[in-house]
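> Provided below: model-v1.tsv, containing TSV, C-alpha atoms.
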```
chain	number	residue	atom	x	y	z
A	1	THR	CA	2.36	-30.08	-26.33
A	2	THR	CA	5.44	-27.97	-25.62
A	3	SER	CA	5.05	-24.29	-26.36
A	4	ARG	CA	7.41	-22.83	-28.94
A	5	VAL	CA	7.54	-19.31	-27.52
A	6	SER	CA	7.60	-17.60	-24.17
A	7	ALA	CA	5.00	-14.98	-23.28
A	8	THR	CA	7.57	-12.23	-23.71
A	9	THR	CA	8.64	-13.58	-27.09
A	10	ALA	CA	5.03	-13.91	-28.23
A	11	ALA	CA	4.24	-10.33	-27.34
A	12	THR	CA	7.50	-9.00	-28.78
A	13	THR	CA	7.01	-10.87	-32.05
A	14	ALA	CA	3.44	-9.67	-32.41
A	15	VAL	CA	4.43	-6.05	-31.88
A	16	ALA	CA	7.53	-6.29	-34.07
A	17	VAL	CA	5.79	-7.93	-36.99
A	18	SER	CA	2.88	-5.50	-36.72
A	19	ALA	CA	5.42	-2.70	-36.76
A	20	LEU	CA	6.47	-3.83	-40.22
A	21	ALA	CA	3.20	-2.25	-41.40
A	22	ILE	CA	2.09	-5.42	-43.09
A	23	VAL	CA	-0.61	-4.34	-45.51
A	24	SER	CA	-0.04	-7.20	-47.92
A	25	ILE	CA	2.44	-9.60	-46.38
A	26	SER	CA	2.54	-11.45	-49.69
A	27	SER	CA	4.77	-8.62	-50.90
A	28	TRP	CA	7.50	-10.21	-48.77
A	29	ILE	CA	7.36	-13.42	-50.76
A	30	THR	CA	10.71	-13.95	-52.45
A	31	LEU	CA	10.45	-15.63	-55.87
A	32	PHE	CA	13.26	-17.69	-57.37
A	33	ARG	CA	13.95	-19.23	-60.72
A	34	ARG	CA	13.39	-22.93	-60.89
A	35	THR	CA	16.32	-24.68	-59.26
A	36	THR	CA	18.45	-26.64	-61.73
A	37	LYS	CA	20.55	-28.65	-59.27
A	38	GLU	CA	19.56	-31.07	-56.55
A	39	PRO	CA	18.34	-28.88	-53.67
A	40	ARG	CA	19.47	-29.00	-50.08
A	41	ILE	CA	16.69	-27.38	-48.07
A	42	VAL	CA	16.69	-26.12	-44.49
A	43	SER	CA	13.14	-25.38	-43.34
A	44	LEU	CA	12.65	-23.15	-40.31
A	45	CYS	CA	8.86	-23.37	-40.11
A	46	PRO	CA	7.04	-26.57	-39.06
A	47	SER	CA	4.06	-26.21	-41.40
A	48	THR	CA	6.37	-25.41	-44.31
A	49	THR	CA	8.41	-28.52	-43.52
A	50	GLU	CA	5.23	-30.59	-43.58
A	51	THR	CA	4.33	-29.05	-46.94
A	52	LEU	CA	7.71	-30.05	-48.37
A	53	TYR	CA	7.08	-33.64	-47.33
A	54	ASP	CA	3.62	-33.58	-48.90
A	55	LEU	CA	5.17	-32.25	-52.10
A	56	GLY	CA	7.42	-35.32	-52.20
A	57	LEU	CA	10.55	-33.34	-51.29
A	58	ALA	CA	11.46	-35.08	-48.02
A	59	ARG	CA	14.75	-36.45	-49.37
A	60	TYR	CA	15.92	-32.91	-50.10
A	61	VAL	CA	15.28	-31.54	-46.60
A	62	VAL	CA	18.67	-31.49	-44.86
A	63	GLY	CA	17.71	-29.45	-41.79
A	64	ARG	CA	14.61	-28.67	-39.71
A	65	THR	CA	13.77	-27.06	-36.38
A	66	ARG	CA	13.14	-29.15	-33.29
A	67	TYR	CA	9.43	-28.38	-33.69
A	68	CYS	CA	9.24	-29.62	-37.28
A	69	PRO	CA	7.75	-33.05	-37.96
A	70	LYS	CA	9.79	-35.99	-39.15
A	71	PRO	CA	9.32	-37.17	-42.73
A	72	PRO	CA	6.64	-39.80	-43.35
A	73	ASN	CA	8.02	-43.18	-42.23
A	74	GLY	CA	10.78	-41.26	-40.46
A	75	ASP	CA	10.81	-43.79	-37.65
A	76	ASP	CA	11.04	-46.70	-40.08
A	77	SER	CA	14.59	-48.07	-40.13
A	78	ASN	CA	13.91	-49.45	-43.62
A	79	SER	CA	12.91	-46.07	-45.02
A	80	ASP	CA	15.19	-44.67	-47.71
A	81	THR	CA	14.39	-41.11	-46.57
A	82	PRO	CA	16.77	-39.99	-43.81
A	83	VAL	CA	15.43	-37.94	-40.91
A	84	PRO	CA	16.94	-34.45	-41.31
A	85	PRO	CA	18.91	-33.17	-38.32
A	86	LYS	CA	17.50	-30.50	-36.02
A	87	VAL	CA	19.07	-27.05	-36.25
A	88	GLY	CA	17.63	-25.41	-33.12
A	89	GLY	CA	14.29	-23.74	-32.61
A	90	THR	CA	12.17	-21.46	-34.74
A	91	LYS	CA	13.29	-18.36	-32.81
A	92	ASP	CA	16.84	-19.49	-32.06
A	93	PRO	CA	18.21	-21.51	-34.98
A	94	GLN	CA	21.83	-22.60	-34.88
A	95	TRP	CA	23.19	-20.58	-37.78
A	96	ASP	CA	26.68	-22.14	-37.75
A	97	ARG	CA	25.14	-25.59	-37.97
A	98	ILE	CA	22.86	-24.47	-40.78
A	99	ARG	CA	25.81	-23.07	-42.72
A	100	ALA	CA	27.72	-26.34	-42.23
A	101	LEU	CA	24.85	-28.22	-43.91
A	102	LYS	CA	25.59	-26.25	-47.11
A	103	PRO	CA	21.95	-25.60	-48.00
A	104	THR	CA	20.90	-24.35	-51.40
A	105	HIS	CA	17.68	-22.89	-49.95
A	106	ILE	CA	16.46	-21.76	-46.54
A	107	LEU	CA	12.70	-21.48	-46.01
A	108	PHE	CA	11.84	-18.62	-43.66
A	109	ASN	CA	8.63	-17.31	-42.08
A	110	LEU	CA	8.43	-13.77	-40.71
A	111	GLU	CA	6.14	-14.71	-37.81
A	112	GLU	CA	7.29	-18.20	-36.91
A	113	ASN	CA	10.92	-17.07	-37.06
A	114	ASP	CA	12.52	-13.94	-35.63
A	115	TYR	CA	12.08	-11.57	-38.56
A	116	THR	CA	15.36	-9.82	-37.68
A	117	HIS	CA	17.17	-13.09	-38.56
A	118	ARG	CA	16.18	-12.88	-42.20
A	119	SER	CA	19.48	-11.26	-43.20
A	120	ARG	CA	21.42	-14.04	-41.44
A	121	ALA	CA	19.59	-16.63	-43.49
A	122	GLU	CA	20.17	-14.67	-46.70
A	123	SER	CA	23.90	-14.46	-45.94
A	124	ILE	CA	24.08	-18.26	-46.16
A	125	CYS	CA	22.07	-19.00	-49.30
A	126	PRO	CA	18.95	-17.97	-51.24
A	127	THR	CA	16.10	-17.65	-48.75
A	128	LEU	CA	12.45	-18.18	-49.63
A	129	VAL	CA	10.22	-16.06	-47.42
A	130	HIS	CA	6.56	-17.03	-47.07
A	131	THR	CA	4.25	-15.74	-44.37
A	132	PRO	CA	0.69	-16.52	-45.45
A	133	THR	CA	-2.04	-14.51	-43.74
A	134	THR	CA	-4.92	-15.82	-45.87
A	135	ILE	CA	-5.96	-19.15	-47.35
A	136	GLU	CA	-5.24	-17.73	-50.80
A	137	GLU	CA	-1.68	-16.82	-49.79
A	138	SER	CA	-1.25	-20.32	-48.40
A	139	MET	CA	-2.17	-21.73	-51.81
A	140	ASP	CA	0.20	-19.26	-53.49
A	141	MET	CA	3.01	-20.50	-51.25
A	142	ILE	CA	2.35	-24.12	-52.25
A	143	LEU	CA	2.44	-23.23	-55.94
A	144	ASP	CA	5.61	-21.19	-55.43
A	145	LEU	CA	7.37	-24.13	-53.76
A	146	GLY	CA	6.15	-26.39	-56.54
A	147	ASN	CA	7.61	-24.07	-59.13
A	148	VAL	CA	10.96	-23.56	-57.42
A	149	PHE	CA	11.52	-27.26	-56.74
A	150	GLN	CA	9.93	-28.53	-59.97
A	151	VAL	CA	7.02	-30.42	-58.42
A	152	ASP	CA	4.28	-28.36	-60.05
A	153	HIS	CA	1.92	-31.32	-60.48
A	154	GLU	CA	2.00	-32.23	-56.79
A	155	ALA	CA	1.62	-28.57	-55.82
A	156	GLN	CA	-1.45	-28.18	-58.02
A	157	ARG	CA	-2.95	-31.36	-56.58
A	158	ILE	CA	-2.61	-30.01	-53.04
A	159	VAL	CA	-3.98	-26.60	-54.03
A	160	ASN	CA	-6.98	-28.25	-55.68
A	161	ASP	CA	-7.63	-30.07	-52.39
A	162	VAL	CA	-7.40	-26.82	-50.43
A	163	GLN	CA	-9.73	-25.03	-52.85
A	164	SER	CA	-12.24	-27.88	-52.76
A	165	SER	CA	-12.22	-27.85	-48.95
A	166	LEU	CA	-12.67	-24.07	-48.92
A	167	ASP	CA	-15.61	-24.30	-51.34
A	168	GLN	CA	-17.25	-27.00	-49.19
A	169	LEU	CA	-16.83	-24.94	-46.01
A	170	ARG	CA	-18.32	-21.85	-47.64
A	171	GLN	CA	-21.20	-23.89	-49.02
A	172	GLN	CA	-21.90	-25.32	-45.56
A	173	GLN	CA	-21.83	-21.82	-44.13
A	174	GLN	CA	-24.32	-20.55	-46.72
A	175	HIS	CA	-27.01	-23.25	-46.44
A	176	PRO	CA	-28.45	-22.05	-44.19
A	177	LYS	CA	-26.32	-18.93	-43.80
A	178	GLN	CA	-24.44	-19.16	-40.52
A	179	THR	CA	-22.49	-16.35	-38.90
A	180	PHE	CA	-21.00	-16.20	-35.44
A	181	THR	CA	-18.67	-13.98	-33.45
A	182	PHE	CA	-15.47	-15.31	-31.89
A	183	LEU	CA	-12.38	-14.62	-29.86
A	184	TYR	CA	-9.42	-16.88	-30.55
A	185	VAL	CA	-7.01	-16.96	-27.61
A	186	ILE	CA	-3.41	-17.97	-28.35
A	187	TRP	CA	-1.61	-17.05	-25.11
A	188	HIS	CA	-2.40	-17.13	-21.39
A	189	HIS	CA	0.38	-15.97	-19.07
A	190	PRO	CA	1.34	-13.36	-18.04
A	191	ASP	CA	-1.10	-11.70	-20.43
A	192	ALA	CA	-3.76	-13.28	-22.60
A	193	MET	CA	-3.35	-12.65	-26.32
A	194	VAL	CA	-5.80	-13.19	-29.17
A	195	ALA	CA	-5.54	-13.51	-32.93
A	196	GLY	CA	-6.82	-10.36	-34.58
A	197	ARG	CA	-7.73	-9.38	-38.10
A	198	GLY	CA	-5.19	-9.91	-40.86
A	199	THR	CA	-4.00	-13.25	-39.50
A	200	TYR	CA	-4.16	-16.68	-41.09
A	201	ILE	CA	-6.30	-17.87	-38.17
A	202	ASP	CA	-8.80	-15.10	-38.82
A	203	SER	CA	-8.91	-16.03	-42.51
A	204	LEU	CA	-9.94	-19.63	-41.76
A	205	LEU	CA	-12.56	-18.68	-39.20
A	206	SER	CA	-13.93	-15.96	-41.48
A	207	ALA	CA	-14.39	-18.58	-44.20
A	208	ALA	CA	-16.51	-20.54	-41.71
A	209	GLY	CA	-18.72	-17.49	-41.15
A	210	GLY	CA	-16.86	-16.05	-38.18
A	211	VAL	CA	-16.65	-12.38	-37.22
A	212	ASN	CA	-13.65	-11.53	-35.07
A	213	VAL	CA	-14.55	-9.39	-32.07
A	214	ALA	CA	-10.86	-8.77	-31.38
A	215	THR	CA	-11.44	-5.57	-33.37
A	216	GLN	CA	-13.20	-4.25	-30.24
A	217	ILE	CA	-9.83	-4.30	-28.50
A	218	ASN	CA	-7.68	-2.62	-31.17
A	219	ASP	CA	-6.63	-3.12	-34.77
A	220	GLN	CA	-3.38	-4.97	-33.98
A	221	ARG	CA	-2.88	-8.40	-35.47
A	222	TYR	CA	-2.30	-9.96	-32.03
A	223	PRO	CA	-3.90	-7.74	-29.37
A	224	LEU	CA	-3.67	-8.39	-25.65
A	225	LEU	CA	-7.00	-9.40	-24.13
A	226	PRO	CA	-8.30	-6.91	-21.54
A	227	LYS	CA	-8.81	-8.40	-18.08
A	228	ASN	CA	-12.28	-6.87	-17.88
A	229	GLU	CA	-15.19	-8.09	-19.98
A	230	LEU	CA	-15.63	-6.79	-23.52
A	231	ASP	CA	-18.68	-4.72	-24.46
A	232	VAL	CA	-20.07	-7.60	-26.52
A	233	GLN	CA	-19.68	-11.23	-25.51
A	234	ALA	CA	-18.53	-13.46	-28.38
A	235	ASP	CA	-20.55	-16.47	-29.44
A	236	PHE	CA	-17.38	-18.54	-29.16
A	237	CYS	CA	-14.28	-18.02	-27.04
A	238	LEU	CA	-11.80	-20.48	-28.54
A	239	LEU	CA	-8.72	-21.50	-26.55
A	240	SER	CA	-6.02	-22.79	-28.89
A	241	THR	CA	-3.78	-25.74	-28.10
A	242	GLU	CA	-0.80	-23.85	-29.54
A	243	PRO	CA	1.32	-21.82	-29.20
A	244	TYR	CA	0.05	-21.89	-25.60
A	245	PRO	CA	-1.09	-25.38	-24.59
A	246	PHE	CA	-4.59	-24.53	-23.34
A	247	LYS	CA	-6.45	-27.32	-21.55
A	248	GLU	CA	-9.97	-27.90	-20.25
A	249	SER	CA	-8.89	-26.52	-16.87
A	250	HIS	CA	-8.47	-23.06	-18.45
A	251	LEU	CA	-12.07	-22.84	-19.69
A	252	PRO	CA	-13.60	-21.32	-16.52
A	253	LEU	CA	-11.08	-18.46	-16.68
A	254	TYR	CA	-12.35	-17.35	-20.10
A	255	GLN	CA	-16.08	-18.02	-19.91
A	256	LYS	CA	-16.81	-14.31	-19.41
A	257	TYR	CA	-15.56	-13.64	-22.93
A	258	GLY	CA	-17.85	-16.05	-24.80
A	259	SER	CA	-21.19	-17.76	-24.37
A	260	ASN	CA	-19.53	-20.96	-25.62
A	261	CYS	CA	-15.94	-21.43	-24.40
A	262	ARG	CA	-14.14	-24.34	-26.04
A	263	ILE	CA	-10.72	-25.83	-26.77
A	264	ILE	CA	-9.68	-25.81	-30.44
A	265	ASP	CA	-6.81	-27.55	-32.25
A	266	GLY	CA	-4.16	-24.89	-32.78
A	267	GLU	CA	-2.26	-26.82	-35.45
A	268	MET	CA	-5.37	-27.09	-37.60
A	269	LEU	CA	-5.98	-23.35	-37.42
A	270	SER	CA	-2.44	-22.00	-37.66
A	271	TRP	CA	-0.49	-24.44	-39.87
A	272	HIS	CA	-0.66	-23.18	-43.43
A	273	GLY	CA	0.52	-24.84	-46.63
A	274	SER	CA	-0.64	-28.40	-47.21
A	275	ARG	CA	-2.33	-28.45	-43.78
A	276	SER	CA	-4.82	-25.82	-45.02
A	277	ALA	CA	-7.14	-28.44	-46.52
A	278	ALA	CA	-7.29	-30.43	-43.29
A	279	GLY	CA	-7.80	-27.23	-41.30
A	280	LEU	CA	-10.79	-26.24	-43.41
A	281	ARG	CA	-12.32	-29.71	-43.10
A	282	TYR	CA	-11.69	-29.62	-39.34
A	283	LEU	CA	-13.73	-26.41	-39.10
A	284	MET	CA	-16.60	-28.01	-41.02
A	285	ASP	CA	-16.85	-30.73	-38.38
A	286	TYR	CA	-16.01	-28.46	-35.44
A	287	PHE	CA	-18.89	-26.07	-35.90
A	288	ASP	CA	-21.24	-28.73	-37.20
A	289	GLU	CA	-20.90	-30.40	-33.78
A	290	THR	CA	-22.06	-27.20	-32.05
A	291	LYS	CA	-25.47	-27.16	-33.73
```
Write the structure described by the file as structure tokens, please.

Amino acid sequence: TTSRVSATTAATTAVAVSALAIVSISSWITLFRRTTKEPRIVSLCPSTTETLYDLGLARYVVGRTRYCPKPPNGDDSNSDTPVPPKVGGTKDPQWDRIRALKPTHILFNLEENDYTHRSRAESICPTLVHTPTTIEESMDMILDLGNVFQVDHEAQRIVNDVQSSLDQLRQQQQHPKQTFTFLYVIWHHPDAMVAGRGTYIDSLLSAAGGVNVATQINDQRYPLLPKNELDVQADFCLLSTEPYPFKESHLPLYQKYGSNCRIIDGEMLSWHGSRSAAGLRYLMDYFDETK
């Protein structure tokens, strides 16, 4: 897996977004009237792009980042859905190329993208801003996209799947009641970084019964991990496969932070939107295997 951000970018983004004093990041969500003409969508966030495909909107996506997935059957030469061109990365999109695509909507994420680029997107066309930090906000985003692009039925179907998966995870966690502490490491070099409270990752793990010990470090959303041991060792130290591509070889370096140090699928824990349901089901199996 190729990392999407450098260590410097990761740290800068974490500090910058935290500096926005995000109390309820859903307040950034931009709502639009239902579009009345055929949309031309440029999506700058991989999980949002995937959600568009799952909503049946692949044929309307005219631009995506180099980290975004292809549409279903995108490699099939007989498919009637063209593969949208790449318009750069999530942090460095090619704005001239985006403008040339004449989009009707740009989909923007304040964490995945450089939040200072929001005005550049808005100067081209209406820009939908979604940055879910909870499972509930992820479902709200799906419904919002369904409303804007007139695929309400598909949006509700996906949300029902997410809600069902969330209910099943919570039920599993309650019978018998299971709680555990965790550290979720997202970056390694030059400084280790963890997902703190108020993040989408924390929301999923909390639903599974997790208690984030990153609060022992500070109250930032993405604190740097101290090089010395924490006062309390976590039950699980989870090394994510993205944005930093942690591998089994990294486990010995982090064993001092958790009694159980393991690799975890970063896409499943950080991709919101339609991936939320799969992420919740992944956690059901992940922690069931540790019993």
> Could you tell me how far CA of His175 in chain A lies from CA of Ala234 in chain A, in Å and to one decimal?
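Atom-to-atom, CA of His175 in chain A and CA of Ala234 in chain A are spaced 22.2 Å apart.
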> Residues within 12 Å of Cys261 in chain A, please, as a PyMOL selection string. Count all atoms listed in the file; anything in the same chain fewer than 4 positions from it doesn't count.
chain A and resi 182-185+233-240+246-257+290
> Hey, can you check how far CA of Gln220 in chain A sits from CA of Cys68 in chain A?
27.9 Å
> When you look at range 209-215 of chain A with a cut-off of 8 Å (counting all atoms listed in the file), what residues show up, excluding the ones that are within fewer than 6 positions of it in the same chain? I need them as a ChimeraX atom specification.
/A:170,173,178-183,194-197,202,223,234
> Restricting the calculation to only C-alpha atoms, which member of A:Leu225, A:Leu280, A:Leu44, A:Met268 is positioned closest to Thr131 in chain A?
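Looking at the shortest contact to Thr131 in chain A, the residue is A:Leu44.
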> Of the candidates A:Val42, A:Leu269, A:Leu283, A:Met141, which shows the shortest atom-to-atom distance to Arg99 in chain A, using all atoms listed in the file?
A:Val42
> Please check which residues have atoms at most 7 Å from (21.3, -31.7, -47.2) in the file's coordinates, counting all atoms listed in the file, and write them as a list in words.
Arg40, Ile41, Tyr60, Val61, Val62, Gly63, Leu101, Lys102 and Pro103 of chain A
> Neighbouring residues of Ser165 in chain A were defined as those with any atom within 12 Å, considering all atoms listed in the file; residues of the same chain fewer than 6 positions away were excluded. Please report them as a ChimeraX atom specification.
/A:135,158-159,171-172,204,207-208,274-285
> I need the chosen residues saved as an mmCIF file, keeping the file's coordinate frame, with C-alpha atoms.

```cif
data_model
loop_
_atom_site.group_PDB
_atom_site.id
_atom_site.type_symbol
_atom_site.label_atom_id
_atom_site.label_comp_id
_atom_site.auth_asym_id
_atom_site.auth_seq_id
_atom_site.Cartn_x
_atom_site.Cartn_y
_atom_site.Cartn_z
ATOM 1 C CA ILE A 135 -5.960 -19.150 -47.350
ATOM 2 C CA ILE A 158 -2.610 -30.010 -53.040
ATOM 3 C CA VAL A 159 -3.980 -26.600 -54.030
ATOM 4 C CA GLN A 171 -21.200 -23.890 -49.020
ATOM 5 C CA GLN A 172 -21.900 -25.320 -45.560
ATOM 6 C CA LEU A 204 -9.940 -19.630 -41.760
ATOM 7 C CA ALA A 207 -14.390 -18.580 -44.200
ATOM 8 C CA ALA A 208 -16.510 -20.540 -41.710
ATOM 9 C CA SER A 274 -0.640 -28.400 -47.210
ATOM 10 C CA ARG A 275 -2.330 -28.450 -43.780
ATOM 11 C CA SER A 276 -4.820 -25.820 -45.020
ATOM 12 C CA ALA A 277 -7.140 -28.440 -46.520
ATOM 13 C CA ALA A 278 -7.290 -30.430 -43.290
ATOM 14 C CA GLY A 279 -7.800 -27.230 -41.300
ATOM 15 C CA LEU A 280 -10.790 -26.240 -43.410
ATOM 16 C CA ARG A 281 -12.320 -29.710 -43.100
ATOM 17 C CA TYR A 282 -11.690 -29.620 -39.340
ATOM 18 C CA LEU A 283 -13.730 -26.410 -39.100
ATOM 19 C CA MET A 284 -16.600 -28.010 -41.020
ATOM 20 C CA ASP A 285 -16.850 -30.730 -38.380
#
```
